[in-house]
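As stored in my_file.cif (mmCIF, C-alpha atoms):
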data_target
#
loop_
_atom_site.label_atom_id
_atom_site.label_comp_id
_atom_site.auth_asym_id
_atom_site.auth_seq_id
_atom_site.Cartn_x
_atom_site.Cartn_y
_atom_site.Cartn_z
CA ALA A 923 0.00 0.00 0.00
CA LEU A 924 2.80 2.42 0.87
CA SER A 925 4.57 1.58 -2.34
CA VAL A 926 1.50 2.50 -4.37
CA VAL A 927 1.10 5.96 -2.86
CA THR A 928 4.71 6.98 -2.23
CA GLY A 929 6.32 5.58 -5.35
CA VAL A 930 8.96 3.79 -3.30
CA ASP A 931 9.60 0.26 -4.55
CA VAL A 932 7.89 -2.32 -2.33
CA THR A 933 11.10 -4.35 -2.11
CA THR A 934 12.91 -1.29 -0.79
CA CYS A 935 10.17 -0.65 1.80
CA ILE A 936 10.37 -4.21 3.09
CA LEU A 937 14.15 -4.32 3.17
CA VAL A 938 14.43 -0.99 5.01
CA MET A 939 11.89 -2.05 7.66
CA GLY A 940 13.40 -5.52 8.00
CA ILE A 941 16.97 -4.27 8.39
CA LEU A 942 16.01 -1.55 10.89
CA CYS A 943 14.02 -4.05 12.98
CA ILE A 944 16.86 -6.55 13.01
CA ILE A 945 19.30 -3.88 14.19
CA TYR A 946 17.32 -2.35 17.04
CA VAL A 947 15.81 -5.62 18.31
CA THR A 948 19.23 -7.32 18.28
CA LEU A 949 20.78 -4.43 20.19
CA GLY A 950 17.90 -3.52 22.51
CA GLY A 951 15.83 -6.68 22.98
CA ILE A 952 12.37 -6.52 24.54
CA GLU A 953 13.02 -3.05 25.99
CA ALA A 954 13.58 -1.64 22.51
CA VAL A 955 10.45 -3.43 21.27
CA ILE A 956 8.22 -2.03 24.02
CA TRP A 957 9.42 1.58 23.89
CA THR A 958 9.23 1.79 20.10
CA ASP A 959 5.69 0.36 20.33
CA VAL A 960 4.79 3.06 22.88
CA LEU A 961 5.90 5.81 20.50
CA GLN A 962 4.10 4.13 17.61
CA VAL A 963 0.82 4.07 19.54
CA PHE A 964 0.88 7.84 20.08
CA VAL A 965 1.69 8.48 16.42
CA LEU A 966 -1.06 6.18 15.15
CA LEU A 967 -3.76 7.38 17.57
CA GLY A 968 -2.86 11.01 16.91
CA GLY A 969 -2.93 10.50 13.15
CA ALA A 970 -6.26 8.65 13.25
CA THR A 971 -7.82 11.35 15.41
CA TYR A 972 -6.62 14.09 13.05
CA ILE A 973 -7.94 12.25 9.97
CA VAL A 974 -11.44 11.83 11.45
CA THR A 975 -11.48 15.45 12.65
CA SER A 976 -10.22 16.79 9.32
CA ILE A 977 -12.83 14.89 7.28
CA ALA A 978 -15.59 15.92 9.68
CA MET A 979 -14.64 19.59 9.23
CA GLN A 980 -14.87 19.21 5.44
CA THR A 981 -18.26 17.49 5.56
CA THR A 982 -21.54 19.39 5.45
CA GLY A 983 -22.98 19.26 8.95
CA GLY A 984 -19.63 18.57 10.59
CA PHE A 985 -19.12 15.42 12.62
CA MET A 986 -22.81 14.56 12.84
CA GLY A 987 -23.20 15.11 9.12
CA MET A 988 -20.34 12.72 8.47
CA MET A 989 -21.90 10.15 10.80
CA ASP A 990 -25.30 10.53 9.13
CA GLN A 991 -23.80 9.87 5.69
CA ALA A 992 -21.87 6.87 6.97
CA GLN A 993 -25.01 5.55 8.67
CA SER A 994 -27.13 5.93 5.54
CA ALA A 995 -24.52 3.92 3.61
CA GLU A 996 -24.63 1.22 6.34
CA LYS A 997 -20.99 1.83 7.27
CA LEU A 998 -21.87 2.02 10.96
CA ARG A 999 -24.05 -1.09 11.17
CA PHE A 1000 -22.46 -3.07 13.98
CA LEU A 1001 -25.32 -5.26 15.24
CA ASP A 1002 -26.38 -8.00 12.84
CA LEU A 1003 -28.18 -10.68 14.86
CA ARG A 1004 -28.69 -13.13 12.01
CA TRP A 1005 -27.36 -16.64 12.72
CA ASN A 1006 -25.19 -16.84 9.62
CA LEU A 1007 -21.65 -18.05 10.21
CA SER A 1008 -20.63 -17.30 6.63
CA GLU A 1009 -21.04 -13.54 7.24
CA PRO A 1010 -19.43 -11.22 9.83
CA THR A 1011 -22.60 -11.18 11.95
CA PHE A 1012 -22.72 -10.44 15.68
CA TRP A 1013 -22.55 -14.12 16.61
CA THR A 1014 -19.67 -14.85 14.22
CA LEU A 1015 -17.64 -11.94 15.58
CA LEU A 1016 -18.55 -12.68 19.20
CA LEU A 1017 -17.46 -16.32 19.01
CA GLY A 1018 -14.51 -15.77 16.71
CA GLY A 1019 -13.33 -12.58 18.37
CA SER A 1020 -13.47 -14.10 21.84
CA ALA A 1021 -11.50 -17.13 20.67
CA ALA A 1022 -8.96 -14.93 18.86
CA SER A 1023 -8.45 -12.81 21.98
CA LEU A 1024 -7.97 -15.91 24.11
CA ILE A 1025 -5.42 -17.24 21.63
CA SER A 1026 -3.48 -13.96 21.70
CA TYR A 1027 -3.62 -13.35 25.45
CA GLY A 1028 -3.03 -16.96 26.45
CA THR A 1029 -0.68 -18.45 23.89
CA ASP A 1030 0.93 -15.73 21.74
CA GLN A 1031 4.53 -15.23 22.84
CA THR A 1032 4.52 -11.70 21.40
CA VAL A 1033 1.87 -10.81 24.02
CA VAL A 1034 2.94 -13.13 26.84
CA GLN A 1035 6.52 -11.82 26.76
CA ARG A 1036 5.18 -8.42 27.80
CA TYR A 1037 3.66 -9.94 30.93
CA MET A 1038 7.11 -11.19 31.84
CA THR A 1039 8.62 -7.68 31.83
CA THR A 1040 6.44 -6.49 34.70
CA LYS A 1041 7.67 -6.53 38.29
CA ASP A 1042 4.92 -8.77 39.70
CA ALA A 1043 1.58 -10.44 38.95
CA LYS A 1044 -0.42 -7.36 39.97
CA ALA A 1045 1.47 -5.15 37.54
CA SER A 1046 0.94 -7.72 34.81
CA SER A 1047 -2.79 -7.82 35.59
CA ARG A 1048 -3.00 -4.03 35.44
CA GLY A 1049 -1.33 -4.10 32.03
CA ILE A 1050 -3.83 -6.65 30.72
CA TRP A 1051 -6.82 -4.68 32.04
CA THR A 1052 -5.45 -1.40 30.70
CA ASN A 1053 -5.02 -2.95 27.26
CA ALA A 1054 -8.50 -4.48 27.36
CA ILE A 1055 -10.10 -1.17 28.32
CA LEU A 1056 -8.18 0.90 25.76
CA THR A 1057 -8.88 -1.63 23.01
CA VAL A 1058 -12.55 -0.56 22.84
CA PRO A 1059 -12.09 3.16 22.08
CA ALA A 1060 -8.99 2.49 19.94
CA THR A 1061 -10.85 -0.07 17.83
CA LEU A 1062 -13.82 2.26 17.39
CA LEU A 1063 -11.46 5.07 16.37
CA PHE A 1064 -9.67 3.05 13.70
CA PHE A 1065 -12.90 1.67 12.25
CA LEU A 1066 -14.30 5.20 12.30
CA VAL A 1067 -11.36 6.21 10.12
CA GLY A 1068 -12.63 3.75 7.50
CA ALA A 1069 -16.15 5.20 7.65
CA ALA A 1070 -14.77 8.74 7.43
CA LEU A 1071 -12.68 7.86 4.38
CA TYR A 1072 -15.78 6.45 2.70
CA VAL A 1073 -17.68 9.69 3.32
CA PHE A 1074 -14.79 11.83 2.04
CA PHE A 1075 -14.35 9.96 -1.24
CA ALA A 1076 -18.11 9.59 -1.71
CA ASN A 1077 -18.36 13.38 -1.60
CA GLN A 1078 -15.20 13.89 -3.66
CA PRO A 1079 -14.92 10.87 -5.99
CA GLU A 1080 -12.53 12.73 -8.29
CA ALA A 1081 -9.94 12.70 -5.48
CA LEU A 1082 -9.69 8.88 -5.47
CA SER A 1083 -7.11 7.32 -7.76
CA PRO A 1084 -8.47 4.52 -10.00
CA HIS A 1085 -5.07 2.83 -9.85
CA LEU A 1086 -5.35 1.69 -6.21
CA SER A 1087 -5.40 -2.08 -6.33
CA THR A 1088 -6.20 -2.88 -2.69
CA ALA A 1089 -8.34 -1.44 0.10
CA ASP A 1090 -5.19 -1.20 2.25
CA ALA A 1091 -3.89 1.54 -0.07
CA ILE A 1092 -6.79 3.96 0.51
CA LEU A 1093 -5.63 5.29 3.89
CA PRO A 1094 -2.02 6.05 2.90
CA PHE A 1095 -3.30 7.53 -0.38
CA TYR A 1096 -5.52 9.91 1.57
CA VAL A 1097 -2.67 10.77 3.92
CA VAL A 1098 -0.27 11.61 1.09
CA THR A 1099 -2.72 13.56 -1.05
CA GLN A 1100 -4.87 15.34 1.56
CA LEU A 1101 -2.87 15.96 4.73
CA PRO A 1102 -0.27 18.73 5.20
CA ASP A 1103 3.26 17.63 4.29
CA GLY A 1104 4.71 17.43 7.80
CA LEU A 1105 1.71 15.65 9.28
CA ALA A 1106 1.45 13.33 6.27
CA GLY A 1107 5.05 12.28 6.79
CA LEU A 1108 4.37 11.62 10.47
CA VAL A 1109 1.32 9.44 9.76
CA ILE A 1110 3.14 7.55 6.98
CA ALA A 1111 5.93 6.96 9.49
CA GLY A 1112 3.30 5.64 11.86
CA ILE A 1113 2.06 3.17 9.24
CA PHE A 1114 5.63 2.04 8.67
CA ALA A 1115 6.02 1.79 12.44
CA ALA A 1116 2.91 -0.40 12.75
CA ALA A 1117 4.39 -2.85 10.26
CA MET A 1118 7.71 -2.77 12.09
CA SER A 1119 5.93 -3.34 15.40
CA SER A 1120 4.51 -6.65 14.17
CA LEU A 1121 7.92 -7.75 12.93
CA ASP A 1122 10.00 -6.70 15.96
CA SER A 1123 7.62 -8.35 18.46
CA SER A 1124 7.73 -11.63 16.53
CA MET A 1125 11.50 -11.54 16.19
CA ASN A 1126 12.03 -11.03 19.90
CA SER A 1127 9.43 -13.61 20.95
CA VAL A 1128 10.88 -16.36 18.75
CA ALA A 1129 14.39 -15.53 19.99
CA ALA A 1130 13.17 -15.79 23.59
CA ALA A 1131 11.52 -19.15 22.90
CA VAL A 1132 14.64 -20.51 21.19
CA THR A 1133 16.85 -19.35 24.07
CA HIS A 1134 14.74 -20.48 27.02
CA ASP A 1135 12.70 -23.42 25.72
CA PHE A 1136 15.35 -25.11 23.56
CA HIS A 1137 18.89 -23.88 24.17
CA ALA A 1138 18.50 -23.68 27.96
CA ARG A 1139 17.30 -27.30 28.10
CA ILE A 1140 20.03 -28.57 25.82
CA ASN A 1141 22.74 -26.53 27.55
CA PRO A 1142 21.49 -25.72 31.08
CA GLN A 1143 24.97 -24.66 32.24
CA ALA A 1144 25.27 -21.86 29.67
CA THR A 1145 26.34 -18.47 31.01
CA GLU A 1146 24.27 -15.31 30.57
CA SER A 1147 26.66 -14.04 27.89
CA VAL A 1148 26.19 -17.26 25.91
CA LYS A 1149 22.41 -17.01 26.23
CA LEU A 1150 22.54 -13.41 25.03
CA ARG A 1151 24.60 -14.41 22.01
CA VAL A 1152 22.16 -17.22 21.16
CA ALA A 1153 19.23 -14.81 21.47
CA ARG A 1154 20.87 -12.29 19.14
CA ILE A 1155 21.74 -14.94 16.56
CA ALA A 1156 18.15 -16.23 16.70
CA THR A 1157 16.84 -12.67 16.29
CA VAL A 1158 18.91 -12.12 13.14
CA ILE A 1159 17.87 -15.47 11.64
CA VAL A 1160 14.17 -14.86 12.34
CA GLY A 1161 14.44 -11.29 11.05
CA VAL A 1162 15.99 -12.42 7.79
CA ALA A 1163 13.40 -15.19 7.42
CA GLY A 1164 10.51 -12.81 8.13
CA THR A 1165 11.81 -10.20 5.70
CA THR A 1166 12.26 -12.86 3.02
CA LEU A 1167 8.71 -14.11 3.55
CA ALA A 1168 7.41 -10.54 3.29
CA LEU A 1169 9.19 -10.14 -0.04
CA ILE A 1170 7.52 -13.33 -1.27
CA LEU A 1171 4.06 -12.28 -0.06
CA ALA A 1172 4.49 -8.86 -1.69
CA GLY A 1173 4.29 -10.60 -5.06
CA THR A 1174 0.97 -12.33 -4.30
CA GLU A 1175 -2.57 -11.06 -4.86
CA ILE A 1176 -3.63 -10.20 -1.30
CA LYS A 1177 -6.61 -7.85 -1.26
CA SER A 1178 -6.68 -7.18 2.50
CA LEU A 1179 -3.93 -7.85 5.02
CA TRP A 1180 -6.47 -7.70 7.87
CA ASP A 1181 -8.57 -10.48 6.37
CA GLN A 1182 -5.42 -12.47 5.73
CA PHE A 1183 -4.36 -12.06 9.36
CA VAL A 1184 -7.75 -13.25 10.65
CA ASP A 1185 -7.58 -16.22 8.29
CA PHE A 1186 -4.13 -17.32 9.44
CA LEU A 1187 -4.92 -16.76 13.12
CA GLY A 1188 -7.95 -19.02 12.91
CA LEU A 1189 -6.27 -21.69 10.82
CA PHE A 1190 -3.16 -22.08 12.94
CA GLY A 1191 -4.01 -20.63 16.33
CA GLY A 1192 -7.24 -22.39 17.30
CA GLY A 1193 -5.48 -25.54 18.48
CA LEU A 1194 -3.14 -23.50 20.67
CA GLY A 1195 -6.11 -21.80 22.30
CA GLY A 1196 -7.72 -25.16 23.03
CA LEU A 1197 -4.43 -26.43 24.41
CA PHE A 1198 -4.28 -23.44 26.76
CA LEU A 1199 -7.81 -24.11 28.04
CA LEU A 1200 -7.04 -27.78 28.59
CA ALA A 1201 -3.88 -26.95 30.52
CA ILE A 1202 -5.56 -24.39 32.78
CA PHE A 1203 -9.06 -25.78 33.34
CA ALA A 1204 -9.00 -29.53 32.63
CA GLU A 1205 -7.57 -31.44 35.61
CA LYS A 1206 -7.87 -34.77 33.81
CA ALA A 1207 -6.17 -33.68 30.57
CA HIS A 1208 -2.97 -35.52 29.62
CA ALA A 1209 -0.52 -35.65 26.72
CA LYS A 1210 -2.30 -38.33 24.65
CA GLY A 1211 -5.68 -36.66 24.90
CA VAL A 1212 -4.26 -33.22 24.15
CA LEU A 1213 -2.45 -34.51 21.06
CA LEU A 1214 -5.69 -35.98 19.74
CA GLY A 1215 -7.38 -32.65 20.46
CA LEU A 1216 -4.77 -30.79 18.40
CA LEU A 1217 -5.23 -33.22 15.51
CA ALA A 1218 -9.01 -32.84 15.70
CA SER A 1219 -8.64 -29.06 15.73
CA ALA A 1220 -6.49 -29.07 12.60
CA ALA A 1221 -8.88 -31.44 10.83
CA THR A 1222 -11.93 -29.37 11.80
CA VAL A 1223 -10.51 -26.03 10.71
CA PHE A 1224 -9.12 -27.23 7.40
CA THR A 1225 -12.38 -29.07 6.65
CA LEU A 1226 -14.25 -25.81 7.17
CA LYS A 1227 -11.71 -23.96 5.05
CA ILE A 1228 -12.03 -26.37 2.13
CA GLY A 1229 -15.64 -27.47 2.17
CA TYR A 1230 -17.84 -25.04 4.13
CA PRO A 1231 -18.41 -21.32 3.51
CA VAL A 1232 -17.90 -20.06 7.06
CA HIS A 1233 -16.40 -16.64 7.70
CA PRO A 1234 -12.65 -16.66 8.56
CA TRP A 1235 -13.46 -15.17 11.97
CA PHE A 1236 -15.16 -18.45 12.91
CA TYR A 1237 -12.03 -20.55 12.30
CA ALA A 1238 -10.49 -19.53 15.62
CA PHE A 1239 -13.54 -20.61 17.62
CA ALA A 1240 -13.97 -23.86 15.68
CA GLY A 1241 -10.32 -24.81 16.22
CA LEU A 1242 -10.33 -23.88 19.90
CA ALA A 1243 -13.62 -25.61 20.72
CA SER A 1244 -12.82 -28.82 18.83
CA CYS A 1245 -9.38 -29.08 20.45
CA PHE A 1246 -10.81 -28.60 23.94
CA LEU A 1247 -13.78 -30.95 23.56
CA VAL A 1248 -11.89 -33.77 21.81
CA GLY A 1249 -8.86 -33.34 24.06
CA LEU A 1250 -10.94 -33.53 27.23
CA THR A 1251 -13.02 -36.48 26.01
CA ALA A 1252 -9.95 -38.41 24.88
CA SER A 1253 -8.23 -37.72 28.20
CA LEU A 1254 -11.19 -39.14 30.09
CA ILE A 1255 -11.32 -42.27 27.92
CA LEU A 1256 -7.63 -43.05 27.43
CA PRO A 1257 -5.48 -44.08 30.39
CA ARG A 1258 -2.83 -41.69 31.64
CA SER A 1259 0.59 -43.24 31.06
CA GLU A 1260 2.77 -40.45 32.38
CA ARG A 1261 3.07 -39.13 35.89
CA SER A 1262 1.14 -35.97 36.64
CA SER A 1263 3.40 -32.94 36.48
CA ASN A 1264 0.85 -30.13 36.52
CA ALA A 1265 0.64 -29.70 40.30
CA GLY A 1266 0.01 -26.04 41.08
CA LEU A 1267 -0.46 -25.09 37.44
CA THR A 1268 -4.19 -25.44 36.79
CA TRP A 1269 -6.54 -22.74 38.01
CA LYS A 1270 -7.89 -24.90 40.83
CA ARG A 1271 -4.55 -26.14 42.14
CA ARG A 1272 -3.03 -22.68 41.83
CA GLU A 1273 -5.73 -21.36 44.15
CA GLU A 1274 -5.03 -24.20 46.57
CA ALA A 1275 -1.30 -23.46 46.45
#
Just dump the structure as structure tokens.
Amino acid sequence: ALSVVTGVDVTTCILVMGILCIIYVTLGGIEAVIWTDVLQVFVLLGGATYIVTSIAMQTTGGFMGMMDQAQSAEKLRFLDLRWNLSEPTFWTLLLGGSAASLISYGTDQTVVQRYMTTKDAKASSRGIWTNAILTVPATLLFFLVGAALYVFFANQPEALSPHLSTADAILPFYVVTQLPDGLAGLVIAGIFAAAMSSLDSSMNSVAAAVTHDFHARINPQATESVKLRVARIATVIVGVAGTTLALILAGTEIKSLWDQFVDFLGLFGGGLGGLFLLAIFAEKAHAKGVLLGLLASAATVFTLKIGYPVHPWFYAFAGLASCFLVGLTASLILPRSERSSNAGLTWKRREEA
């Protein structure tokens, strides 16, 4: 999208972001990731607020006039109570969104690693609640940007370029062509920063997993300097791999990165969410049953993907629910062959401890 509106070659955009991320994550680790994300949030929220305000001021009737036009075009319709899992109805988004949030908050290392930077459990809990509360107004703001852009180009269709190939290009196109130069540069930087935020978090989380979950078990006597070197090497390798994959995806016909993200999250994350629920809430769950649950989850989601026209938002719930139900049932039927090692880890035993 940025390449379309700025004229900068997409390969150059990806390489610049990839190289910068590799450098500052390798040198600064999770601290660099968090503080750059903090700055990015202010830039993005500020830019989104300005865009909505600017369009409202150019619309007849101001903000309410803009909202009336968006409402008449059904751009603000958020409550569709039809039971239709092939459309983004209320029930599809409620089930799928809840499952997707559980997957992110419970199993995504890019989120979990932030819990680990807090000083204690209370601070971690405050961070989670703060994020949950701020997610509501932030989400409404960013979706309002989409509605505002519709109103602007509906009133001024001559301002929209016919050469935009994806919906993702509309926002940066508006920024470049309609905002003042300095502010436009800041918002474009924010869009770059959002892309970099996704990459740097993933790089650091994979490096942490490699260092603690694999290297530390293979070489438990390793010194801190050795662990740091392993983490940095893993960061560089993951950064190069991620940048390479981005270059490959840039040559494909992807209409919406958001839809693609939801699709991938549901296809590959549902089983992890079910695994998390089994580990925390199912006292009887064991390795054999959980493995069968993961297989059932994969089979369920890919069956829906291939043969049934459900909305991608529903994949996450289908994968999570099938993993949990099959995993729990199999654990109750099959004998436990290994010794229990989850003492103090489930929600019930943690309370007892």
Please build the interface table for segment 1091-1111 of chain A against segment 966-990 of chain A with a cut-off of 10 Å, listing for each qualifying residue the nearest atom pair and the distance in Å to one decimal; count only C-alpha atoms, order rows by chain and increasing number, and write it as JSON lines.
{"residue": "A:Leu1093", "atom": "CA", "partner": "A:Ile973", "partner_atom": "CA", "distance": 9.5}
{"residue": "A:Tyr1096", "atom": "CA", "partner": "A:Ile973", "partner_atom": "CA", "distance": 9.0}
{"residue": "A:Val1097", "atom": "CA", "partner": "A:Ile973", "partner_atom": "CA", "distance": 8.2}
{"residue": "A:Gln1100", "atom": "CA", "partner": "A:Ile973", "partner_atom": "CA", "distance": 9.5}
{"residue": "A:Leu1101", "atom": "CA", "partner": "A:Ile973", "partner_atom": "CA", "distance": 8.2}
{"residue": "A:Leu1105", "atom": "CA", "partner": "A:Gly969", "partner_atom": "CA", "distance": 7.9}
{"residue": "A:Ala1106", "atom": "CA", "partner": "A:Gly969", "partner_atom": "CA", "distance": 8.6}
{"residue": "A:Leu1108", "atom": "CA", "partner": "A:Gly969", "partner_atom": "CA", "distance": 7.9}
{"residue": "A:Val1109", "atom": "CA", "partner": "A:Gly969", "partner_atom": "CA", "distance": 5.5}
{"residue": "A:Ile1110", "atom": "CA", "partner": "A:Gly969", "partner_atom": "CA", "distance": 9.1}
{"residue": "A:Ala1111", "atom": "CA", "partner": "A:Leu966", "partner_atom": "CA", "distance": 9.0}
message = Translate the PyMOL selection byres ((chain A and resi 938) around 12) into a concrete residue list for this structure, as a PyMOL selection string.
response = chain A and resi 930-937+939-945+1114-1115+1117-1118+1161-1162+1165+1168-1169
Box for segment 976-982 of chain A: with edges along x, y and z, all listed atoms inside and 5 Å added on each side, what are the centre and edge lengths in Å to one decimal, as AutoDock Vina command-line options?
--center_x -15.9 --center_y 17.2 --center_z 7.6 --size_x 21.3 --size_y 14.7 --size_z 14.2
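Closest approach to Trp1269 of chain A among A:Ile1055, A:Leu1200, A:Ala1138, A:Leu1213: A:Leu1200, based on only C-alpha atoms.
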What does the PyMOL selection byres ((chain A and resi 1125) around 10) select in this file, as a PDB file with C-alpha atoms, in the coordinates of the input?
ATOM      1  CA  CYS A 943      14.020  -4.050  12.980  1.00  0.00           C
ATOM      2  CA  ILE A 944      16.860  -6.550  13.010  1.00  0.00           C
ATOM      3  CA  VAL A 947      15.810  -5.620  18.310  1.00  0.00           C
ATOM      4  CA  THR A 948      19.230  -7.320  18.280  1.00  0.00           C
ATOM      5  CA  GLY A 951      15.830  -6.680  22.980  1.00  0.00           C
ATOM      6  CA  ILE A 952      12.370  -6.520  24.540  1.00  0.00           C
ATOM      7  CA  VAL A 955      10.450  -3.430  21.270  1.00  0.00           C
ATOM      8  CA  THR A1032       4.520 -11.700  21.400  1.00  0.00           C
ATOM      9  CA  SER A1119       5.930  -3.340  15.400  1.00  0.00           C
ATOM     10  CA  SER A1120       4.510  -6.650  14.170  1.00  0.00           C
ATOM     11  CA  LEU A1121       7.920  -7.750  12.930  1.00  0.00           C
ATOM     12  CA  ASP A1122      10.000  -6.700  15.960  1.00  0.00           C
ATOM     13  CA  SER A1123       7.620  -8.350  18.460  1.00  0.00           C
ATOM     14  CA  SER A1124       7.730 -11.630  16.530  1.00  0.00           C
ATOM     15  CA  ASN A1126      12.030 -11.030  19.900  1.00  0.00           C
ATOM     16  CA  SER A1127       9.430 -13.610  20.950  1.00  0.00           C
ATOM     17  CA  VAL A1128      10.880 -16.360  18.750  1.00  0.00           C
ATOM     18  CA  ALA A1129      14.390 -15.530  19.990  1.00  0.00           C
ATOM     19  CA  ALA A1130      13.170 -15.790  23.590  1.00  0.00           C
ATOM     20  CA  ALA A1153      19.230 -14.810  21.470  1.00  0.00           C
ATOM     21  CA  ARG A1154      20.870 -12.290  19.140  1.00  0.00           C
ATOM     22  CA  ALA A1156      18.150 -16.230  16.700  1.00  0.00           C
ATOM     23  CA  THR A1157      16.840 -12.670  16.290  1.00  0.00           C
ATOM     24  CA  VAL A1158      18.910 -12.120  13.140  1.00  0.00           C
ATOM     25  CA  ILE A1159      17.870 -15.470  11.640  1.00  0.00           C
ATOM     26  CA  VAL A1160      14.170 -14.860  12.340  1.00  0.00           C
ATOM     27  CA  GLY A1161      14.440 -11.290  11.050  1.00  0.00           C
ATOM     28  CA  VAL A1162      15.990 -12.420   7.790  1.00  0.00           C
ATOM     29  CA  ALA A1163      13.400 -15.190   7.420  1.00  0.00           C
ATOM     30  CA  GLY A1164      10.510 -12.810   8.130  1.00  0.00           C
TER      31      GLY A1164
END
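The spacing separating atom CA of Gly1249 of chain A from atom CA of Tyr1027 of chain A amounts to 20.7 Å.
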Distance of atom CA of Val965 of chain A from atom CA of Arg1048 of chain A, expressed in Å to one decimal place = 23.2 Å
key: Test item: residues at most 8 Å from segment 1009-1025 of chain A, only C-alpha atoms, excluding those fewer than 2 positions along its chain, as a count of residues only   = 26
ask   = Got a sec: who's within 6 Å of segment 1217-1229 of chain A, counting only C-alpha atoms, leaving out chain neighbours fewer than 3 positions off, as a ChimeraX atom specification?
value = /A:1193,1214,1237,1241,1244-1245
Export, as a tab-separated table (two decimals), in the coordinates of the input, the selected residues with C-alpha atoms.
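Below is the file that was written, result-v5.tsv:
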chain	number	residue	atom	x	y	z
A	1193	GLY	CA	-5.48	-25.54	18.48
A	1214	LEU	CA	-5.69	-35.98	19.74
A	1237	TYR	CA	-12.03	-20.55	12.30
A	1241	GLY	CA	-10.32	-24.81	16.22
A	1244	SER	CA	-12.82	-28.82	18.83
A	1245	CYS	CA	-9.38	-29.08	20.45
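Coordinates place atom CA of Ser1083 of chain A at a distance of 20.9 Å from atom CA of Ala992 of chain A.
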message = Can you tell me which residues surround Ile1255 of chain A at a distance of at most 12 Å, considering all atoms listed in the file, apart from same-chain residues fewer than 6 positions away, and format the answer as JSON, numbers by chain?
response = {"A": [1206, 1207, 1208, 1210, 1211, 1214, 1248, 1249]}
Need to verify the contact set: Arg1036 of chain A, 9 Å, only C-alpha atoms, exclusion of same-chain residues closer than 5 positions in sequence. Can you return it as a PDB file with C-alpha atoms, keeping the file's coordinate frame?
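selection.pdb was written with the following content:
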ATOM      1  CA  ILE A 952      12.370  -6.520  24.540  1.00  0.00           C
ATOM      2  CA  ILE A 956       8.220  -2.030  24.020  1.00  0.00           C
ATOM      3  CA  GLN A1031       4.530 -15.230  22.840  1.00  0.00           C
ATOM      4  CA  SER A1046       0.940  -7.720  34.810  1.00  0.00           C
ATOM      5  CA  GLY A1049      -1.330  -4.100  32.030  1.00  0.00           C
TER       6      GLY A1049
END
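Between Thr1251 of chain A and the candidates A:Pro1231, A:Val1212, A:Ser1008, A:Asn1053, the tightest atom-to-atom separation, counting all atoms listed in the file, involves A:Val1212.
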request  = Excluding Val1152 of chain A and residues on its chain fewer than 3 positions from it, collect all residues at most 9 Å away from it, counting only C-alpha atoms, and give them as a list in words.
outcome  = Ala1129, Val1132, Thr1133, His1137, Ser1147, Val1148, Lys1149, Ile1155, Ala1156 and Thr1157 of chain A
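The smallest atom-to-atom distance between Leu1066 of chain A and any of A:Pro1102, A:Gly1112, A:Gln993, A:Ala1089, using all atoms listed in the file, is found for A:Gln993.
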